[in-house]
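Source file: input.csv; contents: CSV, C-alpha atoms and all ligand atoms.
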chain,number,residue,atom,x,y,z
U,1,MET,CA,-10.7,31.9,-2.7
U,2,VAL,CA,-13.5,30.2,-4.7
U,3,THR,CA,-15.5,28.0,-2.3
U,4,ALA,CA,-18.3,25.5,-2.4
U,5,ALA,CA,-20.5,28.7,-2.5
U,6,SER,CA,-20.0,28.8,-6.2
U,7,LEU,CA,-21.7,25.4,-6.6
U,8,PRO,CA,-25.5,25.1,-7.0
U,9,PRO,CA,-27.3,24.7,-3.7
U,10,GLU,CA,-28.2,21.1,-4.5
U,11,LEU,CA,-24.5,20.2,-4.5
U,12,THR,CA,-23.8,22.1,-1.3
U,13,GLU,CA,-26.6,20.1,0.3
U,14,PHE,CA,-25.1,17.0,-1.3
U,15,ALA,CA,-21.7,17.8,0.3
U,16,GLU,CA,-23.4,18.0,3.7
U,17,MET,CA,-25.0,14.7,3.2
U,18,VAL,CA,-21.7,13.1,2.1
U,19,ALA,CA,-20.0,14.6,5.2
U,20,GLY,CA,-22.7,13.0,7.4
U,21,ARG,CA,-22.4,9.6,5.7
U,22,LEU,CA,-18.6,9.8,5.9
U,23,LEU,CA,-18.8,10.4,9.7
U,24,ALA,CA,-21.3,7.6,10.1
U,25,LEU,CA,-18.9,5.2,8.3
U,26,GLY,CA,-16.0,6.3,10.5
U,27,ASP,CA,-18.2,5.9,13.6
U,28,SER,CA,-18.8,2.3,12.6
U,29,LEU,CA,-15.1,1.4,13.3
U,30,PRO,CA,-14.0,0.1,16.7
U,31,GLU,CA,-12.6,2.9,18.9
U,32,PRO,CA,-8.9,2.5,18.6
U,33,LEU,CA,-9.3,3.0,14.9
U,34,ARG,CA,-12.3,5.3,15.0
U,35,SER,CA,-10.9,8.6,16.4
U,36,PRO,CA,-8.1,9.2,13.9
U,37,VAL,CA,-10.7,8.8,11.1
U,38,THR,CA,-13.5,10.9,12.5
U,39,ALA,CA,-11.0,13.6,13.7
U,40,LEU,CA,-9.8,14.0,10.1
U,41,ALA,CA,-13.3,13.7,8.6
U,42,ARG,CA,-14.5,16.6,10.8
U,43,ARG,CA,-11.8,19.0,9.5
U,44,PRO,CA,-12.7,21.4,6.7
U,45,ALA,CA,-11.9,19.9,3.3
U,46,LYS,CA,-12.5,20.7,-0.4
U,47,ARG,CA,-14.4,17.5,-1.0
U,48,LEU,CA,-13.4,17.6,-4.7
U,49,ARG,CA,-13.8,13.9,-5.4
U,50,SER,CA,-17.4,13.6,-4.1
U,51,THR,CA,-18.3,16.9,-5.7
U,52,LEU,CA,-17.1,15.6,-9.1
U,53,LEU,CA,-19.1,12.4,-8.5
U,54,GLY,CA,-22.2,14.3,-7.6
U,55,ALA,CA,-21.7,16.6,-10.7
U,56,CYS,CA,-21.3,13.7,-13.1
U,57,ALA,CA,-24.4,12.0,-11.6
U,58,ARG,CA,-26.4,15.1,-12.6
U,59,LEU,CA,-26.2,13.8,-16.2
U,60,GLY,CA,-29.0,11.4,-15.4
U,61,ALA,CA,-31.7,10.8,-12.8
U,62,PRO,CA,-29.8,8.7,-10.3
U,63,ASP,CA,-31.0,7.3,-6.9
U,64,PRO,CA,-29.9,10.2,-4.5
U,65,ASP,CA,-29.2,7.8,-1.7
U,66,ARG,CA,-26.8,5.7,-3.7
U,67,VAL,CA,-25.0,8.9,-5.0
U,68,VAL,CA,-24.5,10.1,-1.4
U,69,ARG,CA,-23.2,6.7,-0.3
U,70,LEU,CA,-20.8,6.6,-3.3
U,71,GLY,CA,-19.7,10.2,-2.6
U,72,ALA,CA,-18.8,9.2,1.0
U,73,LEU,CA,-17.0,6.1,-0.3
U,74,VAL,CA,-14.6,8.2,-2.5
U,75,GLU,CA,-14.0,10.6,0.4
U,76,LEU,CA,-13.3,7.6,2.7
U,77,LEU,CA,-10.8,6.3,0.2
U,78,HIS,CA,-9.2,9.7,0.0
U,79,LEU,CA,-9.1,10.0,3.8
U,80,ALA,CA,-7.5,6.6,4.2
U,81,SER,CA,-4.9,7.4,1.6
U,82,LEU,CA,-4.1,10.6,3.6
U,83,LEU,CA,-3.7,8.7,6.8
U,84,HIS,CA,-1.1,6.5,5.1
U,85,ASP,CA,0.5,9.3,3.1
U,86,ASP,CA,1.2,11.4,6.2
U,87,VAL,CA,3.1,8.4,7.7
U,88,VAL,CA,5.0,7.8,4.4
U,89,ASP,CA,5.8,11.5,4.0
U,90,ARG,CA,6.4,12.1,7.7
U,91,ALA,CA,4.1,15.1,7.5
U,92,ALA,CA,3.4,16.9,10.8
U,93,THR,CA,0.1,18.5,9.8
U,94,ARG,CA,-3.0,17.8,7.7
U,95,ARG,CA,-5.9,20.0,6.9
U,96,GLY,CA,-4.7,22.6,9.3
U,97,GLY,CA,-4.4,20.2,12.3
U,98,PRO,CA,-1.9,17.6,13.5
U,99,ALA,CA,-1.4,14.6,11.2
U,100,ALA,CA,-3.1,11.6,12.7
U,101,HIS,CA,0.1,9.6,13.3
U,102,THR,CA,1.5,12.4,15.4
U,103,VAL,CA,-1.5,12.1,17.7
U,104,VAL,CA,-2.2,8.3,17.8
U,105,GLY,CA,1.1,6.9,16.6
U,106,GLN,CA,2.1,5.4,13.3
U,107,GLU,CA,0.7,1.9,13.9
U,108,ARG,CA,-2.8,3.1,14.8
U,109,ALA,CA,-2.8,5.6,11.9
U,110,VAL,CA,-1.8,3.0,9.4
U,111,LEU,CA,-4.2,0.4,10.8
U,112,ALA,CA,-7.0,3.0,10.8
U,113,GLY,CA,-6.3,3.7,7.1
U,114,LEU,CA,-6.4,0.0,6.3
U,115,ALA,CA,-9.7,-0.4,8.1
U,116,CYS,CA,-11.1,2.4,6.0
U,117,PHE,CA,-9.9,0.8,2.8
U,118,ALA,CA,-11.7,-2.5,3.9
U,119,LEU,CA,-14.8,-0.5,4.9
U,120,ALA,CA,-14.9,1.2,1.5
U,121,GLY,CA,-14.7,-2.2,-0.2
U,122,MET,CA,-17.6,-3.5,2.0
U,123,GLU,CA,-19.6,-0.3,1.2
U,124,ALA,CA,-19.0,-0.7,-2.5
U,125,ALA,CA,-20.1,-4.4,-2.4
U,126,ALA,CA,-23.2,-3.4,-0.3
U,127,ILE,CA,-24.1,-0.6,-2.7
U,128,GLY,CA,-24.0,-3.1,-5.5
U,129,GLY,CA,-24.2,-2.5,-9.3
U,130,GLY,CA,-20.8,-4.2,-10.0
U,131,LEU,CA,-18.8,-1.1,-8.9
U,132,ASP,CA,-16.7,-3.0,-6.3
U,133,GLN,CA,-14.1,-4.2,-8.9
U,134,LEU,CA,-13.6,-0.7,-10.1
U,135,VAL,CA,-13.1,0.6,-6.6
U,136,SER,CA,-10.6,-2.2,-5.7
U,137,ARG,CA,-8.6,-1.6,-8.9
U,138,THR,CA,-8.4,2.1,-8.1
U,139,VAL,CA,-7.1,1.4,-4.5
U,140,ALA,CA,-4.4,-0.9,-6.0
U,141,GLY,CA,-3.5,1.9,-8.4
U,142,LEU,CA,-3.3,4.4,-5.5
U,143,ALA,CA,-0.9,2.1,-3.6
U,144,TYR,CA,1.2,1.7,-6.8
U,145,GLY,CA,1.3,5.5,-7.3
U,146,GLU,CA,2.4,6.1,-3.7
U,147,MET,CA,5.1,3.4,-4.2
U,148,LEU,CA,6.4,5.2,-7.3
U,149,ASP,CA,6.4,8.4,-5.2
U,150,VAL,CA,8.5,6.7,-2.5
U,151,GLU,CA,10.9,5.2,-5.0
U,152,ARG,CA,11.7,8.5,-6.7
U,153,ALA,CA,12.7,10.2,-3.5
U,154,PHE,CA,15.9,12.3,-4.1
U,155,ASP,CA,15.8,11.5,-7.8
U,156,THR,CA,16.9,14.8,-9.3
U,157,ALA,CA,16.8,13.3,-12.8
U,158,LEU,CA,13.2,12.1,-12.6
U,159,SER,CA,11.8,12.6,-16.2
U,160,LEU,CA,8.5,14.4,-16.8
U,161,PRO,CA,6.8,11.3,-18.2
U,162,ASP,CA,7.8,9.4,-15.1
U,163,TYR,CA,6.5,12.2,-12.9
U,164,LEU,CA,3.2,12.3,-14.8
U,165,GLU,CA,2.9,8.5,-14.5
U,166,LEU,CA,3.1,8.7,-10.7
U,167,ALA,CA,0.8,11.8,-10.6
U,168,GLU,CA,-1.8,9.9,-12.7
U,169,ARG,CA,-1.6,6.8,-10.4
U,170,LYS,CA,-1.5,8.5,-7.0
U,171,THR,CA,-4.0,11.3,-7.7
U,172,GLY,CA,-5.5,11.0,-11.2
U,173,ASP,CA,-6.9,7.6,-10.6
U,174,LEU,CA,-9.2,8.6,-7.7
U,175,PHE,CA,-10.5,11.6,-9.5
U,176,ARG,CA,-11.1,9.3,-12.5
U,177,LEU,CA,-13.0,6.8,-10.3
U,178,SER,CA,-15.1,9.6,-8.8
U,179,CYS,CA,-16.2,10.7,-12.3
U,180,LEU,CA,-16.8,7.1,-13.5
U,181,LEU,CA,-19.0,6.3,-10.4
U,182,GLY,CA,-21.0,9.4,-11.1
U,183,ALA,CA,-21.3,8.5,-14.7
U,184,ALA,CA,-22.4,5.0,-13.9
U,185,GLU,CA,-25.1,6.3,-11.6
U,186,ALA,CA,-26.3,8.7,-14.3
U,187,GLY,CA,-26.5,5.7,-16.8
U,188,ALA,CA,-24.1,7.6,-19.1
U,189,THR,CA,-23.2,6.1,-22.5
U,190,ALA,CA,-19.9,4.4,-22.9
U,191,ASP,CA,-18.4,7.3,-24.8
U,192,LEU,CA,-19.5,9.9,-22.3
U,193,THR,CA,-18.3,7.7,-19.4
U,194,LEU,CA,-14.9,7.4,-21.1
U,195,ALA,CA,-14.7,11.2,-21.6
U,196,LEU,CA,-15.7,11.9,-18.0
U,197,GLY,CA,-13.1,9.4,-16.7
U,198,GLN,CA,-10.4,11.2,-18.8
U,199,PHE,CA,-11.6,14.6,-17.6
U,200,GLY,CA,-11.2,13.4,-14.0
U,201,ALA,CA,-7.8,11.9,-14.6
U,202,ASP,CA,-6.5,15.1,-16.3
U,203,PHE,CA,-8.0,17.3,-13.6
U,204,GLY,CA,-6.4,15.2,-11.0
U,205,VAL,CA,-2.9,15.6,-12.5
U,206,ALA,CA,-3.4,19.4,-12.9
U,207,PHE,CA,-4.4,19.5,-9.2
U,208,GLN,CA,-1.4,17.4,-8.2
U,209,VAL,CA,0.9,19.8,-10.1
U,210,LEU,CA,-0.7,22.8,-8.2
U,211,ASP,CA,-0.3,20.9,-5.0
U,212,ASP,CA,3.4,20.5,-5.7
U,213,CYS,CA,3.7,24.3,-6.1
U,214,LEU,CA,2.2,24.7,-2.6
U,215,ASP,CA,5.4,23.3,-1.1
U,216,PHE,CA,6.9,26.7,-1.7
U,217,ARG,CA,4.3,28.5,0.3
U,218,ALA,CA,4.3,28.6,4.1
U,219,ASP,CA,1.3,26.8,5.6
U,220,ALA,CA,-0.5,26.5,2.3
U,221,GLY,CA,-2.7,23.4,2.2
U,222,GLY,CA,-2.3,23.1,6.0
U,223,LYS,CA,1.4,22.1,6.0
U,224,PRO,CA,4.6,24.1,6.4
U,225,ALA,CA,6.7,25.0,3.3
U,226,GLY,CA,9.4,22.6,2.3
U,227,THR,CA,7.8,19.5,3.8
U,228,ASP,CA,8.1,17.5,0.5
U,229,HIS,CA,11.5,18.9,-0.4
U,230,LEU,CA,12.9,17.8,3.0
U,231,MET,CA,11.8,14.2,2.1
U,232,GLY,CA,13.4,14.4,-1.3
U,233,LEU,CA,10.0,14.6,-3.0
U,234,PHE,CA,10.7,17.2,-5.7
U,235,GLY,CA,7.5,18.3,-7.2
U,236,ALA,CA,6.8,19.5,-10.8
U,237,PRO,CA,8.3,23.0,-10.4
U,238,THR,CA,11.6,21.7,-9.0
U,239,LEU,CA,11.8,18.8,-11.5
U,240,CYS,CA,11.3,21.1,-14.4
U,241,ALA,CA,13.9,23.5,-13.0
U,242,LEU,CA,16.4,20.7,-12.4
U,243,ALA,CA,16.0,19.5,-16.1
U,244,ALA,CA,16.9,23.1,-17.2
U,245,ASP,CA,19.7,23.7,-14.7
U,246,THR,CA,22.9,22.8,-16.5
U,247,SER,CA,25.0,24.4,-13.8
U,248,GLY,CA,24.0,21.6,-11.3
U,249,GLU,CA,23.5,24.3,-8.6
U,250,LEU,CA,19.9,23.4,-7.8
U,251,ALA,CA,20.7,19.6,-7.5
U,252,GLU,CA,23.6,20.4,-5.2
U,253,LEU,CA,21.4,22.5,-3.0
U,254,VAL,CA,18.4,20.1,-2.7
U,255,LEU,CA,20.7,17.0,-2.2
U,256,SER,CA,22.9,18.7,0.4
U,257,PRO,CA,23.0,16.6,3.6
U,258,TRP,CA,22.5,19.9,5.5
U,259,PHE,CA,19.4,20.9,3.5
U,260,SER,CA,16.7,22.4,5.8
U,261,GLU,CA,13.6,24.4,5.7
U,262,GLN,CA,15.7,27.6,5.8
U,263,ASP,CA,17.0,26.8,2.3
U,264,MET,CA,13.5,26.9,0.8
U,265,PRO,CA,13.7,30.6,-0.2
U,266,ALA,CA,17.0,29.9,-2.1
U,267,VAL,CA,15.4,26.8,-3.7
U,268,ARG,CA,12.4,28.9,-4.7
U,269,ALA,CA,14.6,31.6,-6.2
U,270,LEU,CA,16.6,29.1,-8.2
U,271,VAL,CA,13.5,27.2,-9.4
U,272,ALA,CA,11.9,30.5,-10.5
U,273,LEU,CA,15.2,31.5,-12.2
U,274,ARG,CA,15.3,28.3,-14.2
U,275,GLY,CA,11.7,28.7,-15.2
U,276,GLY,CA,10.4,25.8,-13.1
U,277,LEU,CA,7.4,27.6,-11.5
U,278,ALA,CA,6.4,28.9,-14.9
U,279,ALA,CA,6.8,25.4,-16.5
U,280,ALA,CA,4.7,23.8,-13.8
U,281,GLY,CA,2.0,26.4,-14.2
U,282,ARG,CA,2.0,25.6,-18.0
U,283,LEU,CA,1.8,21.9,-17.3
U,284,ALA,CA,-1.1,22.3,-14.9
U,285,ARG,CA,-2.9,24.6,-17.4
U,286,GLU,CA,-2.3,22.1,-20.3
U,287,ARG,CA,-3.8,19.2,-18.4
U,288,TYR,CA,-6.7,21.5,-17.3
U,289,GLU,CA,-7.3,22.6,-20.9
U,290,ARG,CA,-7.2,19.0,-22.0
U,291,ALA,CA,-9.6,18.0,-19.3
U,292,LEU,CA,-12.1,20.6,-20.4
U,293,THR,CA,-11.6,19.9,-24.2
U,294,THR,CA,-12.5,16.3,-23.5
U,295,LEU,CA,-16.0,17.4,-22.5
U,296,ASP,CA,-16.6,19.6,-25.5
U,297,GLY,CA,-19.9,18.7,-27.2
U,298,LEU,CA,-20.5,15.9,-24.8
U,299,VAL,CA,-21.7,17.5,-21.6
U,300,PRO,CA,-24.7,19.9,-21.3
U,301,PRO,CA,-23.8,23.4,-20.1
U,302,ASP,CA,-25.3,23.1,-16.7
U,303,VAL,CA,-23.2,20.0,-15.8
U,304,ARG,CA,-20.1,21.6,-17.4
U,305,ARG,CA,-20.6,24.7,-15.3
U,306,VAL,CA,-20.6,22.6,-12.1
U,307,LEU,CA,-17.5,20.7,-13.2
U,308,VAL,CA,-15.7,24.0,-14.0
U,309,ALA,CA,-16.8,25.3,-10.5
U,310,THR,CA,-15.2,22.2,-9.0
U,311,THR,CA,-11.9,22.9,-10.8
U,312,GLU,CA,-12.1,26.5,-9.4
U,313,ILE,CA,-12.4,25.1,-5.9
U,314,ALA,CA,-9.2,23.2,-6.6
U,315,GLY,CA,-7.5,26.5,-7.6
U,316,LEU,CA,-7.7,26.0,-11.4
U,317,GLY,CA,-9.2,28.8,-13.4
U,318,PRO,CA,-11.6,28.6,-16.3
U,319,ARG,CA,-10.4,29.0,-19.9
U,401,LIG,C1,-1.0,12.7,-1.4
U,401,LIG,O1,0.1,13.1,-2.2
U,401,LIG,C2,-1.2,11.2,-1.5
U,401,LIG,C3,-1.9,10.6,-2.4
U,401,LIG,C4,-2.7,11.4,-3.4
U,401,LIG,C5,-2.1,9.2,-2.5
U,401,LIG,C6,-1.7,8.4,-1.3
U,401,LIG,C7,-1.9,6.9,-1.5
U,401,LIG,C8,-1.5,6.0,-0.6
U,401,LIG,C9,-0.8,6.3,0.7
U,401,LIG,C10,-1.8,4.6,-0.9
U,401,LIG,C11,-2.4,3.8,0.2
U,401,LIG,C12,-3.0,2.6,-0.3
U,401,LIG,C13,-3.3,1.5,0.3
U,401,LIG,C14,-4.1,0.4,-0.3
U,401,LIG,C15,-2.7,1.1,1.6
U,401,LIG,P1,1.1,14.2,-1.7
U,401,LIG,O2,1.9,13.7,-0.6
U,401,LIG,O3,1.7,14.8,-2.9
U,401,LIG,O4,0.1,15.3,-1.2
U,401,LIG,P2,-0.1,16.1,0.2
U,401,LIG,O5,0.6,17.4,-0.1
U,401,LIG,O6,-1.5,16.3,0.3
U,401,LIG,O7,0.6,15.3,1.2
U,402,MG,MG,2.0,13.9,1.3
Is it possible to express this structure as structure tokens?
Ligand code: FPP
Ligand code: MG
Amino acid sequence: MVTAASLPPELTEFAEMVAGRLLALGDSLPEPLRSPVTALARRPAKRLRSTLLGACARLGAPDPDRVVRLGALVELLHLASLLHDDVVDRAATRRGGPAAHTVVGQERAVLAGLACFALAGMEAAAIGGGLDQLVSRTVAGLAYGEMLDVERAFDTALSLPDYLELAERKTGDLFRLSCLLGAAEAGATADLTLALGQFGADFGVAFQVLDDCLDFRADAGGKPAGTDHLMGLFGAPTLCALAADTSGELAELVLSPWFSEQDMPAVRALVALRGGLAAAGRLARERYERALTTLDGLVPPDVRRVLVATTEIAGLGPR
């Protein structure tokens, strides 16, 4: 697996500073809300969003302290969204450990997430520079994306454009924000900022498609196989296969009232047979290629290399 080791040492150091700041933010919460946040903050994580932010900031000569604080802010937003997502998705595990709501209860997990969103807003206002509106707009986008995700449960006819819309909102927007904040700190031009935002959004969607593929692999991403399918959340591979399955066999299987984890090998086999895994792989690659093409001629090679290394940490390969 490609790890943070493929990043330049400055960004590995940056990741450590971000992790420290994230813990300090979590520690500032009153105890009933603190422990679910700090417990999750301490688990190993890819830190893609703050790494993107740090990489984009390298386009200029930013204030290092502001960049670390902004990196921790995007990780805090991500962490808060995960606390909520695991309640919504009824997930038992997160990052290889128990999901917060299974330890402290749903109410405390949801309230801890809300406290983190508020803390991130305060942090954005304190950092200054007019970034707070952008942060708040993104949080609203995340909530909307998660709502779309909830509404489409058990929808075996969800169209690809509708799937992409929800992936852009629930995942792409936070990746986009991370790039935009880094670009702002670098003092990037409007054109470059736009391109970096588009890169982040496309990378986020490609990452979400890959994440959907993990629902077929036992304990990949720290959760058991089939977790999403059991909730009726059919990811990109299954949706592509459903669209191609004129027999109706796959829809019948995933909509069965007796559907269980034991059915996942049969779902996987049918999805593969109908070309769903291959189609999802192509979709991820198309978004990934589009993300990189957006940067062509705009970003110097050293920053491009770091952005590509970040996509590799996410499991996406270079062109
Ligand atoms: C993970 O998706 C979830 C997200 C990327 C976004 C979650 C956003 C929210 C819960 C909105 C909360 C916002 C407010 C303001 C309360 P996934 O379930 O596909 O990924 P997973 O496999 O990591 O669980
Ligand atoms: Mg989830």
So that I can check the surroundings of segment 45-59 of chain U, please list as a PyMOL selection string every protein, DNA and RNA residue that reaches within 8 Å of it, counting all atoms listed in the file and ignoring chain neighbours fewer than 6 positions away.
chain U and resi 4+11+14-15+18+67-68+70-72+74-75+95+174-175+178-186+188+196+200+299+303+306-307+310+313-314
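Of the residues listed (U:Leu164, U:Leu40, U:Ala124, U:Arg137), U:Leu40 shows the shortest atom-to-atom separation from Ala109 of chain U; distances use only C-alpha atoms.
If all atoms listed in the file are the atoms counted, then among U:Val308, U:Leu214, U:Leu239, U:Ala244 the closest residue to ligand LIG 401 (chain U) is U:Leu214.
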Throw together the list of residues within 8 Å of ligand MG 402 (chain U), counting all atoms listed in the file, and drop it here as a CSV table (one decimal) with C-alpha atoms, in the coordinates of the input.
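Ended up saving to selection13.csv:
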chain,number,residue,atom,x,y,z
U,82,LEU,CA,-4.1,10.6,3.6
U,85,ASP,CA,0.5,9.3,3.1
U,86,ASP,CA,1.2,11.4,6.2
U,88,VAL,CA,5.0,7.8,4.4
U,89,ASP,CA,5.8,11.5,4.0
U,90,ARG,CA,6.4,12.1,7.7
U,91,ALA,CA,4.1,15.1,7.5
U,228,ASP,CA,8.1,17.5,0.5
Would you tabulate, counting all atoms listed in the file, all residues of chain U that have an atom at most 7 Å from an atom of ligand LIG 401 (chain U), showing the closest pair of atoms and their distance in Å to one decimal, sorted by chain then ascending number, as CSV?
residue,atom,partner,partner_atom,distance
U:Ser81,CA,U:LIG401,C8,4.3
U:Leu82,CA,U:LIG401,C6,5.9
U:His84,CA,U:LIG401,C9,4.4
U:Asp85,CA,U:LIG401,C9,4.1
U:Asp86,CA,U:LIG401,O7,6.4
U:Asp89,CA,U:LIG401,O2,6.4
U:Leu114,CA,U:LIG401,C15,6.1
U:Phe117,CA,U:LIG401,C14,6.6
U:Val139,CA,U:LIG401,C14,5.3
U:Ala140,CA,U:LIG401,C14,5.9
U:Leu142,CA,U:LIG401,C10,4.8
U:Ala143,CA,U:LIG401,C10,3.8
U:Gly145,CA,U:LIG401,C7,6.8
U:Glu146,CA,U:LIG401,C7,4.9
U:Lys170,CA,U:LIG401,C5,4.6
U:Thr171,CA,U:LIG401,C4,4.5
U:Gln208,CA,U:LIG401,O3,6.7
U:Asp211,CA,U:LIG401,O5,6.1
U:Asp212,CA,U:LIG401,O3,6.6
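Nearest-residue note for Gln198 of chain U: choosing from U:Ala225, U:Ala272, U:Leu7, U:Ala291, the minimum distance belongs to U:Ala291, counting all atoms listed in the file.
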Within 6 Å of Pro237 of chain U using all atoms listed in the file, minus same-chain residues under 3 positions, as a short mmCIF file (atom, residue, chain, number, x, y, z; two decimals) with C-alpha atoms, in the coordinates of the input:
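Output saved as out02.cif:
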data_model
loop_
_atom_site.label_atom_id
_atom_site.label_comp_id
_atom_site.auth_asym_id
_atom_site.auth_seq_id
_atom_site.Cartn_x
_atom_site.Cartn_y
_atom_site.Cartn_z
CA CYS U 240 11.30 21.10 -14.40
CA GLY U 276 10.40 25.80 -13.10
CA LEU U 277 7.40 27.60 -11.50
CA ALA U 280 4.70 23.80 -13.80
#
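Picture a line from atom CA of Asp149 of chain U to atom CA of Thr227 of chain U; it runs 14.4 Å.
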Counting all atoms listed in the file, give me one row per residue of segment 37-104 of chain U with an atom at most 7 Å from an atom of segment 20-28 of chain U, showing the shortest contact pair and its distance in Å to one decimal, sorted by chain then residue number, as CSV.
residue,atom,partner,partner_atom,distance
U:Val37,CA,U:Gly26,CA,5.9
U:Thr38,CA,U:Gly26,CA,5.6
U:Ala41,CA,U:Leu23,CA,6.5
U:Arg69,CA,U:Arg21,CA,6.7
U:Ala72,CA,U:Leu22,CA,4.9
U:Leu76,CA,U:Leu22,CA,6.6
